[in-house]
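For reference, run.txt (compact mmCIF, C-alpha atoms):
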# COMPACT_ATOMS: atom_id res chain seq x y z
CA MET A 295 22.88 15.39 0.23
CA LYS A 296 23.55 13.76 -3.11
CA LEU A 297 20.81 11.72 -4.75
CA ARG A 298 22.76 8.48 -4.49
CA ASP A 299 23.49 9.04 -0.79
CA ALA A 300 19.82 9.81 -0.12
CA VAL A 301 18.76 6.58 -1.83
CA VAL A 302 21.33 4.57 0.15
CA ALA A 303 20.24 6.20 3.41
CA THR A 304 16.61 5.45 2.57
CA LEU A 305 17.41 1.79 1.93
CA ARG A 306 19.17 1.67 5.32
CA SER A 307 16.20 3.19 7.14
CA ARG A 308 14.41 0.95 9.63
CA ARG A 309 11.14 2.85 9.11
CA PHE A 310 11.34 2.32 5.34
CA TRP A 311 11.74 -1.44 5.70
CA LEU A 312 9.12 -1.71 8.44
CA TRP A 313 6.52 -0.13 6.17
CA GLU A 314 7.62 -2.02 3.04
CA LEU A 315 7.71 -5.45 4.65
CA GLY A 316 4.73 -4.84 6.93
CA GLY A 317 2.70 -3.53 4.00
CA ALA A 318 3.67 -6.52 1.86
CA VAL A 319 2.56 -8.88 4.63
CA ILE A 320 -0.78 -7.07 4.95
CA TYR A 321 -1.16 -7.22 1.15
CA SER A 322 -0.44 -10.96 1.13
CA ILE A 323 -3.00 -11.95 3.79
CA PRO A 324 -6.04 -11.91 1.43
CA VAL A 325 -3.92 -13.64 -1.22
CA ALA A 326 -3.07 -16.42 1.23
CA VAL A 327 -6.71 -16.73 2.28
CA ARG A 328 -7.72 -17.15 -1.38
CA PHE A 329 -5.10 -19.84 -1.93
CA ILE A 330 -6.02 -21.70 1.26
CA THR A 331 -9.80 -21.58 0.75
CA GLY A 332 -9.72 -21.93 -3.03
CA SER A 333 -12.33 -19.18 -3.29
CA ILE A 334 -11.88 -15.76 -4.84
CA ALA A 335 -14.47 -14.23 -2.49
CA ILE A 336 -13.47 -13.45 1.09
CA PRO A 337 -16.75 -13.02 3.03
CA LEU A 338 -15.86 -10.03 5.22
CA LEU A 339 -13.71 -8.26 2.65
CA ASN A 340 -15.82 -8.91 -0.45
CA PHE A 341 -17.94 -5.78 -0.16
CA PRO A 342 -19.95 -4.77 -2.16
CA GLY A 343 -19.61 -8.20 -3.80
CA PHE A 344 -20.27 -7.00 -7.31
CA TRP A 345 -18.39 -4.73 -9.67
CA ILE A 346 -19.51 -1.12 -9.88
CA GLY A 347 -18.98 -0.19 -13.51
CA HIS A 348 -15.70 -1.45 -14.93
CA PHE A 349 -13.33 0.21 -12.50
CA ILE A 350 -14.47 -0.54 -8.93
CA PRO A 351 -14.06 -4.26 -8.15
CA GLY A 352 -16.36 -6.40 -6.06
CA ASN A 353 -13.74 -6.65 -3.32
CA PHE A 354 -13.52 -2.87 -2.89
CA LEU A 355 -13.39 -3.00 0.93
CA GLU A 356 -10.39 -5.34 0.74
CA LYS A 357 -8.74 -3.02 -1.79
CA LEU A 358 -9.37 -0.01 0.41
CA LEU A 359 -7.85 -1.64 3.50
CA VAL A 360 -4.92 -3.33 1.78
CA ASN A 361 -3.90 -0.48 -0.54
CA ALA A 362 -3.79 1.91 2.40
CA PHE A 363 -0.66 0.04 3.50
CA PHE A 364 0.80 -1.38 0.29
CA PRO A 365 1.73 -0.07 -2.20
CA GLY A 366 0.36 3.39 -1.31
CA GLY A 367 1.17 3.75 2.39
CA ALA A 368 4.57 2.11 2.10
CA GLY A 369 5.39 4.23 -0.93
CA GLY A 370 4.33 7.34 0.96
CA VAL A 371 6.68 6.54 3.82
CA ALA A 372 9.44 5.79 1.31
CA GLY A 373 8.92 9.22 -0.27
CA GLU A 374 8.98 10.95 3.10
CA VAL A 375 12.10 9.10 4.29
CA PHE A 376 13.85 9.79 1.00
CA ALA A 377 12.99 13.50 1.19
CA SER A 378 14.24 13.74 4.77
CA ASN A 379 17.51 12.09 3.79
CA TRP A 380 17.88 14.22 0.67
CA LYS A 381 17.26 17.52 2.48
CA GLY A 382 19.24 16.49 5.54
CA LYS A 383 16.39 17.24 7.95
CA ALA A 384 12.90 15.96 8.67
CA VAL A 385 10.37 17.33 6.21
CA GLY A 386 7.11 18.68 7.55
CA GLY A 387 3.94 20.44 6.55
CA LYS A 388 2.94 20.49 2.90
CA ALA A 389 6.34 19.23 1.76
CA LYS A 390 5.92 16.03 3.78
CA TYR A 391 2.60 15.26 2.12
CA LEU A 392 3.87 16.15 -1.35
CA PHE A 393 6.81 13.79 -0.97
CA ARG A 394 4.49 11.13 0.44
CA LEU A 395 2.19 11.59 -2.56
CA GLY A 396 5.12 11.28 -4.96
CA GLY A 397 6.36 8.14 -3.22
CA ALA A 398 2.90 6.58 -3.06
CA LEU A 399 2.22 7.24 -6.74
CA LEU A 400 5.66 6.03 -7.81
CA GLN A 401 5.43 2.81 -5.83
CA THR A 402 1.88 2.24 -7.07
CA ALA A 403 3.11 2.72 -10.65
CA VAL A 404 5.88 0.16 -10.14
CA TRP A 405 3.46 -2.27 -8.48
CA SER A 406 0.90 -1.74 -11.26
CA ALA A 407 3.57 -2.50 -13.88
CA PHE A 408 4.39 -5.73 -12.01
CA GLN A 409 0.67 -6.61 -11.90
CA PHE A 410 0.24 -5.72 -15.58
CA PHE A 411 3.02 -8.00 -16.80
CA GLY A 412 2.06 -10.72 -14.34
CA TYR A 413 -1.52 -10.70 -15.57
CA TYR A 414 -0.44 -11.57 -19.09
CA LEU A 415 1.54 -14.55 -17.85
CA LEU A 416 -1.88 -16.14 -17.19
CA ILE A 417 -0.95 -17.75 -13.89
CA MET A 418 -4.17 -19.21 -12.52
CA GLY A 419 -4.83 -19.63 -8.82
CA PRO A 420 -6.63 -22.55 -7.19
CA TYR A 421 -9.85 -20.52 -7.37
CA GLY A 422 -9.83 -20.59 -11.20
CA SER A 423 -8.85 -16.98 -11.87
CA ASN A 424 -5.67 -15.05 -12.63
CA ILE A 425 -3.64 -14.28 -9.51
CA PHE A 426 -2.75 -10.80 -10.82
CA GLU A 427 -5.01 -7.77 -11.18
CA HIS A 428 -6.38 -6.68 -14.52
CA ALA A 429 -5.46 -3.20 -15.75
CA VAL A 430 -9.03 -1.89 -15.39
CA VAL A 431 -8.54 -1.58 -11.62
CA PHE A 432 -5.32 0.44 -11.87
CA PRO A 433 -7.09 3.82 -11.79
CA ILE A 434 -8.73 3.03 -8.43
CA ASN A 435 -5.31 1.89 -7.16
CA PHE A 436 -3.90 5.34 -7.90
CA VAL A 437 -6.86 7.07 -6.23
CA LEU A 438 -6.36 4.90 -3.13
CA ALA A 439 -2.62 5.64 -3.23
CA ALA A 440 -3.36 9.36 -3.17
CA PHE A 441 -5.46 8.94 -0.03
CA SER A 442 -2.97 6.53 1.58
CA ILE A 443 -0.56 9.39 2.26
CA PHE A 444 -2.51 9.84 5.50
CA THR A 445 -2.14 6.20 6.61
CA PRO A 446 1.13 6.79 8.53
CA ASP A 447 -0.58 9.59 10.48
CA VAL A 448 -3.58 7.38 11.29
CA VAL A 449 -1.29 4.52 12.36
CA GLY A 450 0.73 6.92 14.53
CA PHE A 451 -2.46 8.26 16.13
CA VAL A 452 -3.79 4.76 16.87
CA LYS A 453 -0.39 3.71 18.22
CA ALA A 454 -0.23 6.74 20.53
CA ARG A 455 -3.77 6.12 21.82
CA PHE A 456 -3.01 2.46 22.34
CA LYS A 457 0.11 3.28 24.35
CA ARG A 458 -1.75 5.93 26.32
CA TYR A 459 -4.85 3.96 27.28
CA VAL A 460 -3.95 0.27 27.06
CA LEU A 461 -0.30 0.18 28.08
CA ARG A 462 -0.72 2.84 30.77
CA ARG A 463 -1.23 0.32 33.58
Please re-express this file's structure in structure tokens.
Amino acid sequence: MKLRDAVVATLRSRRFWLWELGGAVIYSIPVAVRFITGSIAIPLLNFPGFWIGHFIPGNFLEKLLVNAFFPGGAGGVAGEVFASNWKGKAVGGKAKYLFRLGGALLQTAVWSAFQFFGYYLLIMGPYGSNIFEHAVVFPINFVLAAFSIFTPDVVGFVKARFKRYVLRR
């Protein structure tokens, strides 16, 4: 399939949009909590609560959970869907994970660029800090994106178990 046709087919994919929009909603939940409470710290998600060096933020648990879905997980699914459309068949094995990795890293790069430029707009939230991430946390975002290629498999496993044991009645 031609590159343009694969991109169009990807943008028409229900799975692509489910992951993109669902991931964006998951990403926005802590943001909304910060705006509503006026506090930068979210008690359950603010672990360890202090920065480790310059690169691991105090809200690392939140970052770990959120980045698994967006931008990393959603980008991984986008890469897999694009590859399947481009090759004309479902990709599997190592190829699936390589395309997921490419998609996750590409989407994380685009999201990091958005965060980078947004940070220098100096838009302050009600909690007295910039609403965008500083560039020092970008490396951990890319590490989390690399691991988020497994998020669709974990979600599929949990979904299958849920259907099997809870909805079995």
Subject >> Near-Ala368 (chain A) list (9 Å; only C-alpha atoms; drop same-chain fewer than 6 positions) as a list in words >> reply: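 Non-adjacent residues within range: Phe310, Trp311, Leu312, Trp313, Glu314, Leu315, Gly316, Gly317, Ala318, Ala362, Gly397, Ala398, Gln401, Ser442, Ile443 and Pro446 of chain A.
Minimum distance to Ala377 (chain A) across A:Ala389, A:Arg298, A:Lys457, A:Asp447 (counting only C-alpha atoms) occurs at A:Ala389.
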**OP:** Could you tell me how far CA of Ala403 (chain A) lies from CA of Leu339 (chain A), in Å and to one decimal?
**Re:**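 Value for the CA of Ala403 (chain A)-CA of Leu339 (chain A) distance: 24.1 Å.
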Subject >> Given all atoms listed in the file as the counted atoms, nearest of A:Trp345, A:Phe426, A:Tyr391, A:Tyr421 to Ala407 (chain A) >> reply: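 Looking at the shortest contact to Ala407 (chain A), the residue is A:Phe426.
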**OP:** Extract, using all atoms listed in the file, all DNA, RNA and protein residues at most 10 Å from region 324-327 of chain A, discarding same-chain residues fewer than 5 positions from it, and format them as a list in words.
**Re:**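 So the residues in contact are Val319, Gly332, Ser333, Ile334, Ala335, Ile336, Leu339, Glu356, Lys357, Val360, Gly419 and Ile425 of chain A.
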Original post:
CA of His348 (chain A) to CA of Leu392 (chain A): how many Å, to one decimal?
Top reply: 29.6 Å
**OP:** Check the smallest atom-to-atom distance from each of A:Thr304, A:Asn361, A:Asn379, A:Ser423 to Ser322 (chain A) using all atoms listed in the file, then report the winner.
**Re:** A:Asn361
Original post:
What's the 12 Å shell around Leu395 (chain A), counting only C-alpha atoms, without same-chain residues fewer than 4 positions away, as a list of chain:residue names?
Top reply: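 Neighbouring residues, sequence-local ones excluded: A:Pro365, A:Gly366, A:Gly367, A:Ala368, A:Gly369, A:Gly370, A:Val371, A:Ala372, A:Gly373, A:Glu374, A:Ala377, A:Lys388, A:Ala389, A:Lys390, A:Tyr391, A:Leu399, A:Leu400, A:Gln401, A:Thr402, A:Phe436, A:Val437, A:Leu438, A:Ala439, A:Ala440, A:Phe441, A:Ser442, A:Ile443, A:Phe444, A:Thr445.
Between CA of Arg309 (chain A) and CA of Glu427 (chain A) the interatomic distance comes to 28.0 Å.
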**OP:** For Gly352 (chain A), list every protein, DNA or RNA residue within 9 Å, evaluated using only C-alpha atoms, and leave out those in the same chain fewer than 3 positions away; present the list as a list of chain:residue names.
**Re:** A:Ala335, A:Asn340, A:Phe341, A:Pro342, A:Gly343, A:Phe344, A:Trp345, A:Ile346, A:Leu355
Subject >> Among listed residues A:Tyr459, A:Phe363, A:Phe349, A:Phe329, nearest His428 (chain A) (using only C-alpha atoms) >> reply: A:Phe349
Complete the atoms of region 300-319 of chain A to N, CA, C and O atoms and put them out as a PDB file, in the coordinates of the input.
ATOM      1  N   ALA A 300      21.182   9.802  -0.666  1.00  0.00           N
ATOM      2  CA  ALA A 300      19.820   9.810  -0.120  1.00  0.00           C
ATOM      3  C   ALA A 300      19.132   8.477  -0.361  1.00  0.00           C
ATOM      4  O   ALA A 300      18.417   7.966   0.515  1.00  0.00           O
ATOM      5  N   VAL A 301      19.353   7.896  -1.522  1.00  0.00           N
ATOM      6  CA  VAL A 301      18.760   6.580  -1.830  1.00  0.00           C
ATOM      7  C   VAL A 301      19.357   5.518  -0.918  1.00  0.00           C
ATOM      8  O   VAL A 301      18.632   4.689  -0.348  1.00  0.00           O
ATOM      9  N   VAL A 302      20.671   5.547  -0.727  1.00  0.00           N
ATOM     10  CA  VAL A 302      21.330   4.570   0.150  1.00  0.00           C
ATOM     11  C   VAL A 302      20.837   4.727   1.586  1.00  0.00           C
ATOM     12  O   VAL A 302      20.535   3.738   2.263  1.00  0.00           O
ATOM     13  N   ALA A 303      20.731   5.961   2.057  1.00  0.00           N
ATOM     14  CA  ALA A 303      20.240   6.200   3.410  1.00  0.00           C
ATOM     15  C   ALA A 303      18.791   5.744   3.564  1.00  0.00           C
ATOM     16  O   ALA A 303      18.404   5.220   4.618  1.00  0.00           O
ATOM     17  N   THR A 304      17.996   5.915   2.527  1.00  0.00           N
ATOM     18  CA  THR A 304      16.610   5.450   2.570  1.00  0.00           C
ATOM     19  C   THR A 304      16.559   3.934   2.672  1.00  0.00           C
ATOM     20  O   THR A 304      15.788   3.389   3.456  1.00  0.00           O
ATOM     21  N   LEU A 305      17.391   3.263   1.895  1.00  0.00           N
ATOM     22  CA  LEU A 305      17.410   1.790   1.930  1.00  0.00           C
ATOM     23  C   LEU A 305      17.977   1.251   3.241  1.00  0.00           C
ATOM     24  O   LEU A 305      17.769   0.083   3.561  1.00  0.00           O
ATOM     25  N   ARG A 306      18.662   2.078   3.997  1.00  0.00           N
ATOM     26  CA  ARG A 306      19.170   1.670   5.320  1.00  0.00           C
ATOM     27  C   ARG A 306      18.210   2.024   6.451  1.00  0.00           C
ATOM     28  O   ARG A 306      18.458   1.667   7.603  1.00  0.00           O
ATOM     29  N   SER A 307      17.136   2.711   6.126  1.00  0.00           N
ATOM     30  CA  SER A 307      16.200   3.190   7.140  1.00  0.00           C
ATOM     31  C   SER A 307      15.326   2.054   7.677  1.00  0.00           C
ATOM     32  O   SER A 307      14.715   1.297   6.920  1.00  0.00           O
ATOM     33  N   ARG A 308      15.256   1.961   8.975  1.00  0.00           N
ATOM     34  CA  ARG A 308      14.410   0.950   9.630  1.00  0.00           C
ATOM     35  C   ARG A 308      12.938   1.219   9.341  1.00  0.00           C
ATOM     36  O   ARG A 308      12.167   0.293   9.091  1.00  0.00           O
ATOM     37  N   ARG A 309      12.544   2.492   9.365  1.00  0.00           N
ATOM     38  CA  ARG A 309      11.140   2.850   9.110  1.00  0.00           C
ATOM     39  C   ARG A 309      10.731   2.471   7.687  1.00  0.00           C
ATOM     40  O   ARG A 309       9.632   1.974   7.465  1.00  0.00           O
ATOM     41  N   PHE A 310      11.613   2.704   6.739  1.00  0.00           N
ATOM     42  CA  PHE A 310      11.340   2.320   5.340  1.00  0.00           C
ATOM     43  C   PHE A 310      11.045   0.836   5.254  1.00  0.00           C
ATOM     44  O   PHE A 310      10.040   0.427   4.671  1.00  0.00           O
ATOM     45  N   TRP A 311      11.907   0.006   5.821  1.00  0.00           N
ATOM     46  CA  TRP A 311      11.740  -1.440   5.700  1.00  0.00           C
ATOM     47  C   TRP A 311      10.557  -1.946   6.525  1.00  0.00           C
ATOM     48  O   TRP A 311       9.900  -2.921   6.139  1.00  0.00           O
ATOM     49  N   LEU A 312      10.283  -1.320   7.653  1.00  0.00           N
ATOM     50  CA  LEU A 312       9.120  -1.710   8.440  1.00  0.00           C
ATOM     51  C   LEU A 312       7.834  -1.528   7.631  1.00  0.00           C
ATOM     52  O   LEU A 312       6.977  -2.419   7.595  1.00  0.00           O
ATOM     53  N   TRP A 313       7.712  -0.394   6.974  1.00  0.00           N
ATOM     54  CA  TRP A 313       6.520  -0.130   6.170  1.00  0.00           C
ATOM     55  C   TRP A 313       6.484  -1.005   4.918  1.00  0.00           C
ATOM     56  O   TRP A 313       5.411  -1.486   4.527  1.00  0.00           O
ATOM     57  N   GLU A 314       7.605  -1.192   4.247  1.00  0.00           N
ATOM     58  CA  GLU A 314       7.620  -2.020   3.040  1.00  0.00           C
ATOM     59  C   GLU A 314       7.273  -3.467   3.352  1.00  0.00           C
ATOM     60  O   GLU A 314       6.395  -4.054   2.714  1.00  0.00           O
ATOM     61  N   LEU A 315       7.945  -4.043   4.329  1.00  0.00           N
ATOM     62  CA  LEU A 315       7.710  -5.450   4.650  1.00  0.00           C
ATOM     63  C   LEU A 315       6.368  -5.656   5.347  1.00  0.00           C
ATOM     64  O   LEU A 315       5.639  -6.607   5.046  1.00  0.00           O
ATOM     65  N   GLY A 316       6.030  -4.749   6.268  1.00  0.00           N
ATOM     66  CA  GLY A 316       4.730  -4.840   6.930  1.00  0.00           C
ATOM     67  C   GLY A 316       3.593  -4.676   5.938  1.00  0.00           C
ATOM     68  O   GLY A 316       2.580  -5.407   5.992  1.00  0.00           O
ATOM     69  N   GLY A 317       3.727  -3.730   5.021  1.00  0.00           N
ATOM     70  CA  GLY A 317       2.700  -3.530   4.000  1.00  0.00           C
ATOM     71  C   GLY A 317       2.574  -4.736   3.085  1.00  0.00           C
ATOM     72  O   GLY A 317       1.467  -5.137   2.713  1.00  0.00           O
ATOM     73  N   ALA A 318       3.704  -5.329   2.714  1.00  0.00           N
ATOM     74  CA  ALA A 318       3.670  -6.520   1.860  1.00  0.00           C
ATOM     75  C   ALA A 318       2.992  -7.684   2.569  1.00  0.00           C
ATOM     76  O   ALA A 318       2.240  -8.448   1.949  1.00  0.00           O
ATOM     77  N   VAL A 319       3.223  -7.816   3.868  1.00  0.00           N
ATOM     78  CA  VAL A 319       2.560  -8.880   4.630  1.00  0.00           C
ATOM     79  C   VAL A 319       1.053  -8.639   4.676  1.00  0.00           C
ATOM     80  O   VAL A 319       0.259  -9.561   4.450  1.00  0.00           O
TER      81      VAL A 319
END
